[in-house]
Amino acid sequence: MQLRSWTPSRREIMEVGLASVLAAALAPRLAMATEETVAAELKKLYGDKPMAGGKIKLDLPEIAENGLVVPLNVDVESPMTEQDYVKAVHVFADGNPLPQVVTYRFTPQSGKAAASVRMRLAQTQNVIAVAEMSNGALHTAKAQVKVTIGGCGG
Amino acid sequence: MAIKSKPRIKAPSEAKAGEIIEIKTLISHEMESGQRKDSTGKTIPRAIINTFTASFNGKPFFEANWFTAVSANPYQAFFYKASESGEFTFTWKDDDGSEQTATAKLTVA
């Protein structure tokens, strides 16, 4: 067999380039949550009720080297009395395959509406917390975590 | 994976009335997210602990619903306002229906 040297023409280079761009665009991608899926989850929980800022302290690393174990601490300001306490806190991640992370249910006996857990983050994304007070008021907070190595297998 | 290992609890054994104490828990569990694929490309089904409950003298005061984003070997820290002596009961509920409990005593001076 004889080897033939082949010099691609300009047109051929353009065609190959275009084909690879198309292939990349059409490749199946892992479905990820988005800001919209998080908003949809919240709508399921609380409808269109307005949410205020403040009261929630989200303690998260700015940069997570390992997305498999990202420490998450939520602390909601509240007197935690029978009359005025935090009922629930929901935490979402808008770039994971599924948006939910954790839901906490507190009681006045909790003393403090704060809890820590370790979570998986697939990529750099926002972590969103929503707190439901005993009087029905909603508060929200958001923080971005930069993830160096994603934590969702594969 | 059913829950096999003994959970670890870190909680003070004594507290003053009205004191807010921190309780830390840790349990061994794979927390299989249902997102991973095995070597043949088949999705490994989800198998996680979905609910953690903390009670004092039989009265629940804290609950956490864990989703697939919770890391393997889940750690959970939370608080309790001490009022009387008694016993904590912590319960972990697995997707497969199994449960594991642990207890800790608290003396209020």
# chains A, B, ... in the order shown; residues from 1 in each chain; ligands from 1
call {"tool": "closest_atom_pairs", "arguments": {"of": "chain A", "to": "chain B", "cutoff": "12 Å", "atoms": "only C-alpha atoms", "output": "tab-separated table"}}
result
residue	atom	partner	partner_atom	distance
A:Leu30	CA	B:Gln35	CA	9.4
A:Ala31	CA	B:Gln35	CA	10.4
A:Met32	CA	B:Gln35	CA	11.0
A:Ala33	CA	B:Ala69	CA	12.0
A:Asn66	CA	B:Ser71	CA	11.2
A:Gly67	CA	B:Ser71	CA	9.3
A:Leu68	CA	B:Ser71	CA	6.3
A:Val69	CA	B:Ser71	CA	5.9
A:Val70	CA	B:Ser71	CA	8.1
A:Pro71	CA	B:Ser71	CA	9.5
A:Leu72	CA	B:Gln76	CA	10.0
A:Asn73	CA	B:Ala77	CA	9.0
A:Val74	CA	B:Phe78	CA	10.0
A:Asp75	CA	B:Phe78	CA	10.1
A:Pro79	CA	B:Lys81	CA	11.9
A:Met80	CA	B:Lys81	CA	9.7
A:Thr81	CA	B:Lys81	CA	10.8
A:Val86	CA	B:Phe62	CA	11.3
A:Lys87	CA	B:Phe62	CA	10.0
A:Ala88	CA	B:Glu63	CA	9.3
A:Val89	CA	B:Ala64	CA	9.4
A:His90	CA	B:Asn65	CA	9.3
A:Val91	CA	B:Phe67	CA	10.0
A:Phe92	CA	B:Ala69	CA	9.2
A:Ala93	CA	B:Ala69	CA	8.6
A:Asp94	CA	B:Ala69	CA	11.4
A:Gly95	CA	B:Ala69	CA	11.0
A:Asn96	CA	B:Ala69	CA	7.8
A:Pro97	CA	B:Gln35	CA	7.7
A:Leu98	CA	B:Ala69	CA	7.6
A:Pro99	CA	B:Ala69	CA	8.3
A:Gln100	CA	B:Phe67	CA	6.1
A:Val101	CA	B:Ala69	CA	5.1
A:Val102	CA	B:Trp66	CA	4.8
A:Thr103	CA	B:Asn65	CA	5.0
A:Tyr104	CA	B:Ala64	CA	4.5
A:Arg105	CA	B:Glu63	CA	5.0
A:Phe106	CA	B:Phe62	CA	5.1
A:Thr107	CA	B:Phe61	CA	5.4
A:Pro108	CA	B:Phe61	CA	7.8
A:Gln109	CA	B:Lys81	CA	5.4
A:Ser110	CA	B:Tyr80	CA	4.4
A:Gly111	CA	B:Lys81	CA	4.5
A:Lys112	CA	B:Phe79	CA	6.0
A:Ala113	CA	B:Phe79	CA	7.7
A:Ala114	CA	B:Phe78	CA	6.1
A:Ala115	CA	B:Phe78	CA	4.4
A:Ser116	CA	B:Ala77	CA	4.9
A:Val117	CA	B:Gln76	CA	4.9
A:Arg118	CA	B:Ser71	CA	5.6
A:Met119	CA	B:Val70	CA	4.3
A:Arg120	CA	B:Ala69	CA	5.0
A:Leu121	CA	B:Ala69	CA	7.1
A:Ala122	CA	B:Ala69	CA	9.0
A:Val127	CA	B:Ala69	CA	11.6
A:Gly150	CA	B:Ala69	CA	11.9
A:Gly151	CA	B:Ser71	CA	8.9
A:Cys152	CA	B:Gln35	CA	7.0
A:Gly153	CA	B:Arg36	CA	5.5
A:Gly154	CA	B:Arg36	CA	6.4
call {"tool": "select_by_dssp", "arguments": {"residues": "range 10-80 of chain B", "states": "strand (DSSP E)", "output": "PDB file with N, CA, C and O atoms, in the first residue's frame"}}
result
ATOM      1  N   LYS B  10     -22.309  13.371  68.855  1.00  0.00           N
ATOM      2  CA  LYS B  10     -21.518  14.208  69.748  1.00  0.00           C
ATOM      3  C   LYS B  10     -22.467  15.239  70.335  1.00  0.00           C
ATOM      4  O   LYS B  10     -22.946  16.131  69.636  1.00  0.00           O
ATOM      5  N   GLU B  14     -24.435  17.201  79.869  1.00  0.00           N
ATOM      6  CA  GLU B  14     -25.014  18.095  80.876  1.00  0.00           C
ATOM      7  C   GLU B  14     -25.228  19.472  80.279  1.00  0.00           C
ATOM      8  O   GLU B  14     -24.454  19.906  79.423  1.00  0.00           O
ATOM      9  N   ALA B  15     -26.283  20.137  80.758  1.00  0.00           N
ATOM     10  CA  ALA B  15     -26.557  21.505  80.300  1.00  0.00           C
ATOM     11  C   ALA B  15     -27.340  22.237  81.371  1.00  0.00           C
ATOM     12  O   ALA B  15     -27.953  21.617  82.243  1.00  0.00           O
ATOM     13  N   ILE B  20     -28.647  26.598  74.992  1.00  0.00           N
ATOM     14  CA  ILE B  20     -28.797  26.032  73.649  1.00  0.00           C
ATOM     15  C   ILE B  20     -27.551  25.206  73.337  1.00  0.00           C
ATOM     16  O   ILE B  20     -26.436  25.741  73.332  1.00  0.00           O
ATOM     17  N   ILE B  21     -27.748  23.913  73.136  1.00  0.00           N
ATOM     18  CA  ILE B  21     -26.602  23.036  72.900  1.00  0.00           C
ATOM     19  C   ILE B  21     -26.563  22.569  71.448  1.00  0.00           C
ATOM     20  O   ILE B  21     -27.589  22.470  70.789  1.00  0.00           O
ATOM     21  N   GLU B  22     -25.351  22.295  70.980  1.00  0.00           N
ATOM     22  CA  GLU B  22     -25.200  21.811  69.614  1.00  0.00           C
ATOM     23  C   GLU B  22     -25.030  20.295  69.623  1.00  0.00           C
ATOM     24  O   GLU B  22     -24.313  19.748  70.457  1.00  0.00           O
ATOM     25  N   ILE B  23     -25.706  19.632  68.703  1.00  0.00           N
ATOM     26  CA  ILE B  23     -25.611  18.172  68.578  1.00  0.00           C
ATOM     27  C   ILE B  23     -25.074  17.874  67.192  1.00  0.00           C
ATOM     28  O   ILE B  23     -25.539  18.436  66.196  1.00  0.00           O
ATOM     29  N   LYS B  24     -24.063  16.998  67.141  1.00  0.00           N
ATOM     30  CA  LYS B  24     -23.481  16.636  65.846  1.00  0.00           C
ATOM     31  C   LYS B  24     -23.660  15.137  65.643  1.00  0.00           C
ATOM     32  O   LYS B  24     -23.407  14.354  66.556  1.00  0.00           O
ATOM     33  N   THR B  25     -24.124  14.757  64.459  1.00  0.00           N
ATOM     34  CA  THR B  25     -24.326  13.333  64.175  1.00  0.00           C
ATOM     35  C   THR B  25     -23.641  12.960  62.869  1.00  0.00           C
ATOM     36  O   THR B  25     -23.486  13.788  61.968  1.00  0.00           O
ATOM     37  N   LEU B  26     -23.236  11.700  62.808  1.00  0.00           N
ATOM     38  CA  LEU B  26     -22.569  11.186  61.613  1.00  0.00           C
ATOM     39  C   LEU B  26     -22.958   9.726  61.448  1.00  0.00           C
ATOM     40  O   LEU B  26     -22.965   8.971  62.410  1.00  0.00           O
ATOM     41  N   ILE B  49     -30.461   7.827  52.604  1.00  0.00           N
ATOM     42  CA  ILE B  49     -31.243   8.050  53.825  1.00  0.00           C
ATOM     43  C   ILE B  49     -32.018   9.311  53.528  1.00  0.00           C
ATOM     44  O   ILE B  49     -31.435  10.324  53.152  1.00  0.00           O
ATOM     45  N   ASN B  50     -33.353   9.262  53.607  1.00  0.00           N
ATOM     46  CA  ASN B  50     -34.116  10.446  53.210  1.00  0.00           C
ATOM     47  C   ASN B  50     -34.597  11.310  54.367  1.00  0.00           C
ATOM     48  O   ASN B  50     -34.953  12.468  54.169  1.00  0.00           O
ATOM     49  N   THR B  51     -34.652  10.749  55.570  1.00  0.00           N
ATOM     50  CA  THR B  51     -35.142  11.544  56.694  1.00  0.00           C
ATOM     51  C   THR B  51     -34.332  11.286  57.961  1.00  0.00           C
ATOM     52  O   THR B  51     -34.048  10.140  58.300  1.00  0.00           O
ATOM     53  N   PHE B  52     -33.992  12.364  58.618  1.00  0.00           N
ATOM     54  CA  PHE B  52     -33.337  12.291  59.919  1.00  0.00           C
ATOM     55  C   PHE B  52     -34.221  13.041  60.908  1.00  0.00           C
ATOM     56  O   PHE B  52     -34.659  14.155  60.636  1.00  0.00           O
ATOM     57  N   THR B  53     -34.511  12.414  62.042  1.00  0.00           N
ATOM     58  CA  THR B  53     -35.349  13.066  63.049  1.00  0.00           C
ATOM     59  C   THR B  53     -34.665  13.044  64.402  1.00  0.00           C
ATOM     60  O   THR B  53     -34.063  12.029  64.776  1.00  0.00           O
ATOM     61  N   ALA B  54     -34.791  14.143  65.131  1.00  0.00           N
ATOM     62  CA  ALA B  54     -34.268  14.208  66.491  1.00  0.00           C
ATOM     63  C   ALA B  54     -35.422  14.505  67.435  1.00  0.00           C
ATOM     64  O   ALA B  54     -36.197  15.430  67.207  1.00  0.00           O
ATOM     65  N   SER B  55     -35.545  13.677  68.486  1.00  0.00           N
ATOM     66  CA  SER B  55     -36.605  13.855  69.482  1.00  0.00           C
ATOM     67  C   SER B  55     -35.986  13.925  70.866  1.00  0.00           C
ATOM     68  O   SER B  55     -34.891  13.396  71.099  1.00  0.00           O
ATOM     69  N   PHE B  56     -36.700  14.578  71.770  1.00  0.00           N
ATOM     70  CA  PHE B  56     -36.261  14.591  73.169  1.00  0.00           C
ATOM     71  C   PHE B  56     -37.428  14.143  74.021  1.00  0.00           C
ATOM     72  O   PHE B  56     -38.524  14.710  73.929  1.00  0.00           O
ATOM     73  N   LYS B  59     -40.510  13.623  72.068  1.00  0.00           N
ATOM     74  CA  LYS B  59     -41.098  14.742  71.325  1.00  0.00           C
ATOM     75  C   LYS B  59     -40.137  15.223  70.233  1.00  0.00           C
ATOM     76  O   LYS B  59     -39.043  15.706  70.538  1.00  0.00           O
ATOM     77  N   PRO B  60     -40.539  15.094  68.953  1.00  0.00           N
ATOM     78  CA  PRO B  60     -39.637  15.525  67.881  1.00  0.00           C
ATOM     79  C   PRO B  60     -39.411  17.044  67.905  1.00  0.00           C
ATOM     80  O   PRO B  60     -40.362  17.804  68.107  1.00  0.00           O
ATOM     81  N   PHE B  61     -38.170  17.462  67.734  1.00  0.00           N
ATOM     82  CA  PHE B  61     -37.900  18.911  67.717  1.00  0.00           C
ATOM     83  C   PHE B  61     -37.120  19.356  66.489  1.00  0.00           C
ATOM     84  O   PHE B  61     -37.022  20.552  66.207  1.00  0.00           O
ATOM     85  N   PHE B  62     -36.568  18.409  65.747  1.00  0.00           N
ATOM     86  CA  PHE B  62     -35.813  18.780  64.546  1.00  0.00           C
ATOM     87  C   PHE B  62     -35.921  17.652  63.527  1.00  0.00           C
ATOM     88  O   PHE B  62     -35.830  16.483  63.879  1.00  0.00           O
ATOM     89  N   GLU B  63     -36.133  18.047  62.260  1.00  0.00           N
ATOM     90  CA  GLU B  63     -36.174  17.042  61.197  1.00  0.00           C
ATOM     91  C   GLU B  63     -35.409  17.557  59.995  1.00  0.00           C
ATOM     92  O   GLU B  63     -35.473  18.750  59.683  1.00  0.00           O
ATOM     93  N   ALA B  64     -34.700  16.677  59.346  1.00  0.00           N
ATOM     94  CA  ALA B  64     -34.009  17.044  58.111  1.00  0.00           C
ATOM     95  C   ALA B  64     -34.430  16.064  57.028  1.00  0.00           C
ATOM     96  O   ALA B  64     -34.371  14.848  57.230  1.00  0.00           O
ATOM     97  N   ASN B  65     -34.902  16.587  55.895  1.00  0.00           N
ATOM     98  CA  ASN B  65     -35.187  15.749  54.721  1.00  0.00           C
ATOM     99  C   ASN B  65     -33.987  15.887  53.815  1.00  0.00           C
ATOM    100  O   ASN B  65     -33.715  16.960  53.303  1.00  0.00           O
ATOM    101  N   TRP B  66     -33.312  14.788  53.649  1.00  0.00           N
ATOM    102  CA  TRP B  66     -32.121  14.795  52.802  1.00  0.00           C
ATOM    103  C   TRP B  66     -32.487  14.382  51.392  1.00  0.00           C
ATOM    104  O   TRP B  66     -33.264  13.443  51.184  1.00  0.00           O
ATOM    105  N   TYR B  75     -23.378  13.933  57.525  1.00  0.00           N
ATOM    106  CA  TYR B  75     -23.114  14.629  58.779  1.00  0.00           C
ATOM    107  C   TYR B  75     -24.240  15.624  58.960  1.00  0.00           C
ATOM    108  O   TYR B  75     -24.642  16.271  58.001  1.00  0.00           O
ATOM    109  N   GLN B  76     -24.777  15.700  60.151  1.00  0.00           N
ATOM    110  CA  GLN B  76     -25.814  16.696  60.411  1.00  0.00           C
ATOM    111  C   GLN B  76     -25.572  17.295  61.785  1.00  0.00           C
ATOM    112  O   GLN B  76     -25.478  16.570  62.771  1.00  0.00           O
ATOM    113  N   ALA B  77     -25.477  18.613  61.833  1.00  0.00           N
ATOM    114  CA  ALA B  77     -25.353  19.309  63.114  1.00  0.00           C
ATOM    115  C   ALA B  77     -26.564  20.209  63.272  1.00  0.00           C
ATOM    116  O   ALA B  77     -27.059  20.762  62.285  1.00  0.00           O
ATOM    117  N   PHE B  78     -27.053  20.362  64.513  1.00  0.00           N
ATOM    118  CA  PHE B  78     -28.235  21.176  64.777  1.00  0.00           C
ATOM    119  C   PHE B  78     -28.242  21.516  66.263  1.00  0.00           C
ATOM    120  O   PHE B  78     -27.305  21.161  66.993  1.00  0.00           O
ATOM    121  N   PHE B  79     -29.293  22.201  66.719  1.00  0.00           N
ATOM    122  CA  PHE B  79     -29.306  22.714  68.098  1.00  0.00           C
ATOM    123  C   PHE B  79     -30.537  22.247  68.871  1.00  0.00           C
ATOM    124  O   PHE B  79     -31.534  21.827  68.289  1.00  0.00           O
ATOM    125  N   TYR B  80     -30.423  22.351  70.194  1.00  0.00           N
ATOM    126  CA  TYR B  80     -31.549  22.026  71.072  1.00  0.00           C
ATOM    127  C   TYR B  80     -31.490  22.919  72.301  1.00  0.00           C
ATOM    128  O   TYR B  80     -30.423  23.139  72.867  1.00  0.00           O
TER     129      TYR B  80
END
call {"tool": "atom_distance", "arguments": {"atom1": "CA of Ala104 in chain B", "atom2": "CA of Ile27 in chain B"}}
result
15.0 Å
call {"tool": "residues_around", "arguments": {"residues": "Glu65 in chain A", "least_positions_apart": "4", "cutoff": "8 Å", "atoms": "only C-alpha atoms", "output": "VMD selection string"}}
result
chain A and resid 147 to 149
call {"tool": "atom_distance", "arguments": {"atom1": "CA of Ala11 in chain B", "atom2": "CA of Ala102 in chain B"}}
result
12.0 Å
